[in-house]
Amino acid sequence: MNYLFELCKLLQVPQLGPHRIGKLLDSCELAEFCNYDREQLRHIGWSSKQIQRWFNPDISWIDSAFEWKSQSDEHHIISLFDEVYPFLLKQISTAPPLLFVKGDPACLSLPQIAMVGSRDYSHYGKYWSGYFADELVKRNLAVTSGLAIGIDGFCHKQTIDSGGITIAVLGNGLSNIYPSRHKRLADEIVTHGGALVSEFFPKQPPIAENFPRRNRIISGLSLGTLVVEATVNSGSLITAKYALEQNREVFALPNSIQNPFSAGCHKLIKDGAVLVESIDDILSSLSYRQDIQTNQFQQANLFPTEHENQAVVSTKKFAKIETELTACQQSLMKHITLTPINVDDLAKVTQLSTENILIELLNLELQGCIRQVTGGYVRN
């Protein structure tokens with residue numbers, strides 16, 4: 001069973017993000033969990049509000065997802081329990097319980113490299129994004145990006161023009177393509193064997209906080225992430241940060257120090273990213289080898305086979321879901337209460353950089369520890 005209906009119900013439960021859902025699926029079999037009564041749910045730490053929502057879901061919200069799926073043979077909803085769910089993405093701690101896919105779901109499991117960069121770009125960035133996308137296609141690697149205006153769009157387009165497969169991860173539901181100017185590009189991605197992917201229900205709009213969330217999927221699908229051109233405030237650095245947390249490679253393209261779009265890449269290189277001058281710099285860093293006869297890449301044993309279904313293996317029953325926080329996250333949580341606190345104030349009291357705070361706040365939101373409200377962040 002793929003448990004689509006049950007997972008749609010879980011996604012409606014408040015303060016239960018992908019991280020906590022993953023821990024729940026580790027602690028017990030979903031089939032068994034679905035038979036829990038209210039007392040058993042209280043035993044694993046659920047609040048009255050969560051229990052109420054589980055037993056009284058918004059069915060119209062679920063129906064809209066299945067209606068979208070039925071509209072086309074190209075529309076798919078895949079769960080963590082499906083064989084087609086991409087293996088690499090399943091390994092991250094915040095793996096989406098459900099993926100909405102338009103196109104070929106099988107392409108999500110192809111060996112792929114994420115290519116990301118700023119919305120604002122230079123001629124240098126546009127040229128090299130096209131160059132490296134073409135080189136990756138020649139090596140039978142798919143290219144993954146975020147369908148954004150700028151570097152992302154150039155990478156998708158060049159991959160298609162070079163005859164390759166490209167995957168676009170969206171920060172909104174697939175019923176409407178955002179940005180709208182890339183509707184034609186989105187159609188081309190699907191037509192040429194790629195896919196559009198989202199963790200958001202089909203009609204969910206493109207709101208600001210969705211886009212950093214989708215970045216973890218871009219890096220999670222990929223063997224490594226190449227940042228072509230980025231400012232220090234670019235969302236591309238969030239993708240790179242996730243790649244590092246997911247134990248994936250990060251590559252960065254150097255540029256002139258006079259170019260305002262080079263600062264992000266140079267920061268990554270200073271922090272240990274692989275400086276990329278040619279496609280060989282990427283290939284030599286990957287746990288892949290090229291078969292001379294077939295010209296195909298074959299995956300090395302990146303993860304032990306026995307852990308392949310780690311996200312859904314039962315370990316212990318009725319385990320209380322506990323959030324494991326890093327030292328940085330613990331420092332932030334000391335200052336996040338039921339009274340809203342903004343990012344600037346958190347920076348003052350924790351002495352952490354704004355960039356790191358924004359990334360860790362997003363991680364805490366995904367884990368269900370905090371939520372964003374008017375005036376800042378509060379505990380759940």
# chains A, B, ... in the order shown; residues from 1 in each chain; ligands from 1
>>> residues_around(residues="stretch 81-96 of chain A", least_positions_apart="5", cutoff="6 Å", atoms="only C-alpha atoms", output="list in words")
Asn2, Pro18, His19, Leu108, Ser109, Gly220 and Leu221 of chain A
>>> closest_atom_pairs(of="stretch 81-119 of chain A", to="stretch 222-242 of chain A", cutoff="6 Å", atoms="only C-alpha atoms", output="Markdown table")
| residue | atom | partner | partner_atom | distance |
| --- | --- | --- | --- | --- |
| A:Gln112 | CA | A:Ser222 | CA | 5.1 |
| A:Ile113 | CA | A:Ser222 | CA | 5.1 |
| A:Ala114 | CA | A:Thr225 | CA | 4.5 |
| A:Met115 | CA | A:Leu226 | CA | 4.8 |
| A:Val116 | CA | A:Val227 | CA | 5.1 |
| A:Gly117 | CA | A:Glu229 | CA | 4.9 |
| A:Ser118 | CA | A:Ala230 | CA | 4.9 |
>>> write_last_selection(atoms="N, CA and C atoms", output="CSV table (one decimal), in the first residue's frame")
chain,number,residue,atom,x,y,z
A,112,GLN,N,22.0,12.8,-10.7
A,112,GLN,CA,21.8,14.2,-11.1
A,112,GLN,C,22.6,15.2,-10.2
A,113,ILE,N,22.8,16.3,-10.8
A,113,ILE,CA,23.5,17.4,-10.2
A,113,ILE,C,22.6,18.6,-10.1
A,114,ALA,N,22.5,19.2,-9.0
A,114,ALA,CA,21.7,20.5,-8.8
A,114,ALA,C,22.6,21.6,-9.3
A,115,MET,N,22.0,22.5,-10.1
A,115,MET,CA,22.6,23.7,-10.6
A,115,MET,C,21.7,24.9,-10.1
A,116,VAL,N,22.3,25.8,-9.4
A,116,VAL,CA,21.5,26.9,-8.8
A,116,VAL,C,22.3,28.2,-8.9
A,117,GLY,N,21.6,29.3,-8.9
A,117,GLY,CA,22.2,30.6,-8.9
A,117,GLY,C,21.2,31.7,-8.7
A,118,SER,N,21.7,32.9,-8.7
A,118,SER,CA,20.9,34.1,-8.4
A,118,SER,C,19.9,34.4,-9.6
>>> select_by_dssp(residues="stretch 4-86 of chain A", states="alpha helix (DSSP H)", output="PyMOL selection string")
chain A and resi 4-10+18-27+30-33+38-43+48-55+59-70
>>> write_last_selection(atoms="C-alpha atoms", output="CSV table (one decimal), in the first residue's frame")
chain,number,residue,atom,x,y,z
A,4,LEU,CA,-1.7,8.3,0.1
A,5,PHE,CA,-4.9,9.1,1.9
A,6,GLU,CA,-3.4,8.5,5.4
A,7,LEU,CA,-0.4,10.6,4.6
A,8,CYS,CA,-2.6,13.4,3.3
A,9,LYS,CA,-4.3,13.3,6.7
A,10,LEU,CA,-1.0,13.4,8.5
A,18,PRO,CA,8.3,16.4,7.6
A,19,HIS,CA,10.9,15.7,10.3
A,20,ARG,CA,8.4,14.6,12.9
A,21,ILE,CA,6.4,12.6,10.4
A,22,GLY,CA,9.7,10.8,9.5
A,23,LYS,CA,10.4,10.0,13.1
A,24,LEU,CA,6.8,8.8,13.5
A,25,LEU,CA,7.2,6.4,10.6
A,26,ASP,CA,10.5,5.2,12.1
A,27,SER,CA,8.8,4.5,15.4
A,30,LEU,CA,1.8,3.3,9.5
A,31,ALA,CA,-0.8,0.6,9.2
A,32,GLU,CA,-0.6,0.1,13.0
A,33,PHE,CA,-0.5,3.8,13.7
A,38,ARG,CA,-7.0,8.9,21.2
A,39,GLU,CA,-5.2,7.6,24.3
A,40,GLN,CA,-2.5,6.0,22.2
A,41,LEU,CA,-2.0,9.3,20.4
A,42,ARG,CA,-1.7,11.1,23.7
A,43,HIS,CA,0.9,8.5,24.8
A,48,SER,CA,-5.7,17.6,21.8
A,49,LYS,CA,-5.6,19.9,18.7
A,50,GLN,CA,-3.5,17.4,16.8
A,51,ILE,CA,-5.7,14.5,17.7
A,52,GLN,CA,-8.8,16.4,16.7
A,53,ARG,CA,-7.4,17.2,13.3
A,54,TRP,CA,-6.3,13.6,12.7
A,55,PHE,CA,-9.8,12.3,13.3
A,59,ILE,CA,-11.6,15.9,3.1
A,60,SER,CA,-12.0,18.6,0.4
A,61,TRP,CA,-8.3,19.3,0.7
A,62,ILE,CA,-7.5,15.7,0.1
A,63,ASP,CA,-10.1,15.3,-2.7
A,64,SER,CA,-8.5,18.2,-4.5
A,65,ALA,CA,-5.2,16.4,-4.6
A,66,PHE,CA,-6.7,13.2,-6.0
A,67,GLU,CA,-8.7,15.2,-8.5
A,68,TRP,CA,-5.5,16.8,-9.8
A,69,LYS,CA,-3.9,13.3,-10.1
A,70,SER,CA,-6.9,12.0,-12.1
>>> select_by_dssp(residues="stretch 44-183 of chain A", states="strand (DSSP E or B)", output="list of chain:residue names")
A:His75, A:His76, A:Ile77, A:Ile78, A:Ser79, A:Leu98, A:Leu99, A:Phe100, A:Val101, A:Lys102, A:Gly103, A:Gln112, A:Ile113, A:Ala114, A:Met115, A:Val116, A:Ala142, A:Val143, A:Thr144, A:Ser145, A:Thr166, A:Ile167, A:Ala168, A:Val169
>>> atom_distance(atom1="atom CA of A:Tyr377", atom2="atom CA of A:Gly45")
22.4 Å
>>> residues_around(residues="A:Tyr127", least_positions_apart="5", cutoff="9 Å", atoms="only C-alpha atoms", output="VMD selection string")
chain A and resid 122 132 154
>>> closest_atom_pairs(of="stretch 91-206 of chain A", to="stretch 253-257 of chain A", cutoff="10 Å", atoms="only C-alpha atoms", output="CSV")
residue,atom,partner,partner_atom,distance
A:Tyr124,CA,A:Asn255,CA,8.3
A:Gly125,CA,A:Asn255,CA,8.8
A:Trp128,CA,A:Leu253,CA,8.6
A:Ser129,CA,A:Leu253,CA,9.6
>>> residues_around(residues="A:Asn342", least_positions_apart="3", cutoff="12 Å", atoms="only C-alpha atoms", output="list in words")
Leu332, His335, Ile336, Thr337, Thr339, Asp345, Leu346, Ala347, Lys348, Val349, Thr354, Ile357, Leu358, Leu361, Arg371, Gln372, Val373, Thr374, Gly375, Gly376, Tyr377 and Val378 of chain A
